[in-house]
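Report on the structure given below.
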Amino acid sequence: MSFSDLKSARNNKSYVKSSVNCPTSSTSGEPVESGLEQNAENVEPKATQDRLSFEEGMYSSLPSSVEIRRSTSNGRGIWTLRPIRAGESIIVTKAFAASLSNQNLPSYCSSCFAPADPNGMQRCTKCRAAYYCDSICQTNDWAIHKHECSSLQQWFQAAPSKDILPPSDAVRCLSRMVWKRQRKGPGSVQAKEIANMQSNRSSLKPSAYETHTYLAHSLVQFLGLTNPAEMAEYGLASAADLVDLISRFVTNTFSVTDPALTALGAAVSPVIALINHSCEPNAAVIFPRATADSKSQEPSMQVIAIRDIYPQEEILTSYIDTTLPTDLRQAALQETYNFTCTCSLCTSSADPDPRQAMNCPKNCGGLCPLPLDEDSLIRCIKCNALVKSVDAMLDALRVGQEGLDKATKLQNIDFAKSIQLTSNLMPILTSAGLIPSSHPLLGLSRLHQSLLTASFPSPPTQDHLDETIRTATKNVAGLGAILHEGHPVLAIAVAELGKLLAVDEPSPRANPNVGPPAQMMYPPSGFPRLKLAYETLLRARKMLLIGFGVVNEGGEVGKGIREMIVGLEKEMDVFSQGVRNVVEDTPKGKKR
Ligand SMILES: C[S@@+](CC[C@H](N)C(=O)[O-])C[C@H]1O[C@@H](n2cnc3c(N)ncnc32)[C@H](O)[C@@H]1O
């Protein structure tokens with residue numbers, strides 16, 4: 001395979017919702033045979049949830065096997081009435097409104113979100129900001145884009161410079177939501193679903209005022225609203241309505257991703273927004289682009305079970321990056337969603353969390369939790385050895401976090417500086433004792449992989465390829481210690497590693513007897529590398545079928561991996577056959 005296929009994955013927030021009442025049928029109508037009928041632990045007692053009913057037609061994309069309930073702790077959410085197998089698609093729906101981020105506007109279709117065709121795309125001749133696959137996609141989008149188009153033209157005309165960018169994807173997505181709501185009418189099911197999305201206006205944190213005010217101003221400006229009467233036309237009769245709308249948007253928006261989880265823009269789905277959060281989710285929201293749906297149904301969103309889910313269990317997705325340690329996750333949830341998470345991961349006080357752990361100073365194989373301050377007394381949980389270098393570890397953690405923040409900011413501005421930071425900091429944190437899953441080492445290492453992937457020389461060199469493989473291997477180990485087997489982020493990380501291993505070696509080792517012994521070399525060369533690629537891709541495929549859904553054949557990435565596996569099987573067969581031929585041709589008694 002070639003390098004151009006390699007893409008980096010980023011973790012993105014995601015969440016969900018549902019209604020209705022058929023306890024034994026699956027989404028596809030097929031009965032599900034499993035041992036899942038028994039209630040699991042962790043299923044909240046039913047007495048604490050009230051089943052909710054809604055006007056007919058609302059949340060129509062919810063299957064009858066799930067139900068919307070209100071729980072005392074989390075508000076409304078979605079519960080399943082039937083067992084759901086890992087890899088099953090629970091909800092399929094089209095985003096109500098979606099917008100590409102500015103950087104993706106020229107390279108993706110503004111209607112179906114497909115990547116640009118090599119033959120080019122059609123550009124909207126009026127606003128010159130939106131691009132489409134073809135006239136079909138342009139027509140599909142026109143009912144909403146016509147409003148957006150004139151707003152964009154006015155935006156550009158009023159701009160102080162011709163280099164001005166369109167408003168952010170958040171502002172454009174919010175505007176699309178408002179135009180679509182107006183088009184459907186205030187009494188429509190869609191308007192009611194939008195109104196039903198949770199607003200956190202009454203409990204907004206002062207730290208959120210700035211974002212909300214910015215969004216409110218930008219929306220009013222982009223919609224071209226100059227007086228209260230015009231605002232009322234859009235269902236914004238008061239300032240409180242405007243703040244509510246912004247809060248609903250912020251609390252319920254998803255990051256649209258491509259099939260390899262790279263962020264593309266923002267989307268709203270009132271039905272999927274009903275799903276509550278857990279840092280140990282049993283489901284994930286994906287944009288698989290691998291169904292037989294017509295392009296008019298894109299961007300299509302799906303909620304996939306990433307582990308078996310029991311009847312009467314709540315369906316939960318994660319809104320944030322769950323590879324982060326508890327304090328950072330809690331801060332992110334408070335900031336955007338206004339709640340304190342009480343999931344089992346957040347409340348567990350068990351063994352050190354692999355997100356915050358270091359190796360035993362005596363190298364006994366055990367782990368130690370990371371120190372919180374200079375006075376922390378840290379011991380290995382296995383051999384009880386005391387960590388003496390608490391100050392040095394705290395320094396390493398501080399420098400690592402600052403470096404990660406800086407390298408993340410610089411990645412698209414000053415590539416060389418960014419990769420220099422990741423390259424320098426990873427060995428410092430590793431030699432301080434941090435394990436690959438620990439923060440901020442994992443973050444630095446994932447960023448390092450995406451920088452290495454983006455900077456493959458042409459033609460590729462063996463050193464660059466091997467360095468990327470080593471980094472990808474550490475990332476798979478780190479993510480594997482934290483994320484569930486079927487988690488889409490882990491599945492993509494394993495797929496990326498498999499793809500890297502399958503790349504033709506630019507300069508394979510000519511003679512395995514020269515240099516370090518083969519078993520000490522990582523990544524290996526020649527046939528062992530091919531075999532490792534094959535095994536890694538098999539593992540990736542299994543995970544992708546869960547994380548991106550069996551019905552989607554593991555999404556676009558899963559389908560590609562299946563083809564690679566078939567190709568590698570042939571290649572390995574040819575290779576083995578070649579070796580057999582050589583061995584058979586070798587005269588007896590002679591060693592090659
Ligand atoms: C996208 S909405 C989820 C649906 C929401 N519960 C509702 O009633 O519409 C996000 C909001 O739900 C609540 N929420 C979600 N997950 C939660 C959790 N694990 N614990 C407490 N509240 C939660 C928070 O108020 C959050 O701002």
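Just so we're on the same page: first chain in the structure tokens is A, next is B, and so on; residues restart at 1 for each chain, and ligands are numbered from 1 in the order they show up.
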
* To do: Select from region 368-440 of chain A everything DSSP, run on the backbone, classes as helix (DSSP H, G or I), then give the selection as number ranges by chain.
  => A: 390-410, 415-432

Would you output that residue set with C-alpha atoms, as a JSON list (two decimals), in the first residue's frame?
[["chain", "number", "residue", "atom", "x", "y", "z"],
["A", 390, "VAL", "CA", 8.51, 12.86, 43.35],
["A", 391, "ASP", "CA", 9.79, 16.36, 42.53],
["A", 392, "ALA", "CA", 11.44, 15.19, 39.32],
["A", 393, "MET", "CA", 8.23, 13.45, 38.25],
["A", 394, "LEU", "CA", 6.14, 16.54, 39.00],
["A", 395, "ASP", "CA", 8.55, 18.63, 36.92],
["A", 396, "ALA", "CA", 8.40, 16.14, 34.05],
["A", 397, "LEU", "CA", 4.58, 16.17, 34.16],
["A", 398, "ARG", "CA", 4.41, 19.97, 34.15],
["A", 399, "VAL", "CA", 6.91, 20.30, 31.28],
["A", 400, "GLY", "CA", 5.11, 17.52, 29.39],
["A", 401, "GLN", "CA", 1.69, 19.17, 29.74],
["A", 402, "GLU", "CA", 3.03, 22.58, 28.68],
["A", 403, "GLY", "CA", 4.82, 20.99, 25.75],
["A", 404, "LEU", "CA", 1.71, 19.08, 24.67],
["A", 405, "ASP", "CA", -0.40, 22.24, 24.75],
["A", 406, "LYS", "CA", 2.22, 24.14, 22.76],
["A", 407, "ALA", "CA", 2.85, 21.36, 20.22],
["A", 408, "THR", "CA", -0.93, 20.96, 19.67],
["A", 409, "LYS", "CA", -1.32, 24.69, 19.00],
["A", 410, "LEU", "CA", 1.68, 24.73, 16.66],
["A", 415, "PHE", "CA", 5.24, 21.98, 11.96],
["A", 416, "ALA", "CA", 9.00, 21.77, 12.63],
["A", 417, "LYS", "CA", 8.65, 23.27, 16.10],
["A", 418, "SER", "CA", 5.73, 21.01, 16.92],
["A", 419, "ILE", "CA", 7.55, 17.79, 15.98],
["A", 420, "GLN", "CA", 10.68, 18.99, 17.76],
["A", 421, "LEU", "CA", 8.64, 19.37, 20.95],
["A", 422, "THR", "CA", 7.05, 15.93, 20.73],
["A", 423, "SER", "CA", 10.39, 14.29, 19.83],
["A", 424, "ASN", "CA", 12.18, 15.92, 22.78],
["A", 425, "LEU", "CA", 9.51, 15.43, 25.41],
["A", 426, "MET", "CA", 8.54, 11.79, 24.88],
["A", 427, "PRO", "CA", 11.94, 10.39, 25.98],
["A", 428, "ILE", "CA", 11.96, 12.69, 29.03],
["A", 429, "LEU", "CA", 8.59, 11.40, 30.22],
["A", 430, "THR", "CA", 9.46, 7.80, 29.40],
["A", 431, "SER", "CA", 12.72, 7.93, 31.31],
["A", 432, "ALA", "CA", 10.91, 9.55, 34.24]]

* **Within 9 Å of region 231-244 of chain A using only C-alpha atoms, minus same-chain residues under 4 positions, as an NGL selection string** => :A and (178-179 or 181-182 or 186 or 198-202 or 212-213 or 216 or 220 or 225-227 or 248-249)

* Grab me every residue within 7 Å of ligand 1, counting only C-alpha atoms and all ligand atoms, and send it over as number ranges by chain. => A: 15-17, 73-77, 197-198, 200, 251-252, 273-278, 337-343

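The gap separating CA of Gly365 (chain A) from CA of Asp351 (chain A) is 13.9 Å, in Å to one decimal.
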
* Have a look at A:Gln577, A:Thr317, A:Thr80, A:Ser525 and name the one nearest to Ser64 (chain A); count only C-alpha atoms. => A:Thr80

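Atom pair CA of Met301 (chain A) / CA of Thr93 (chain A): separated by 5.4 Å.
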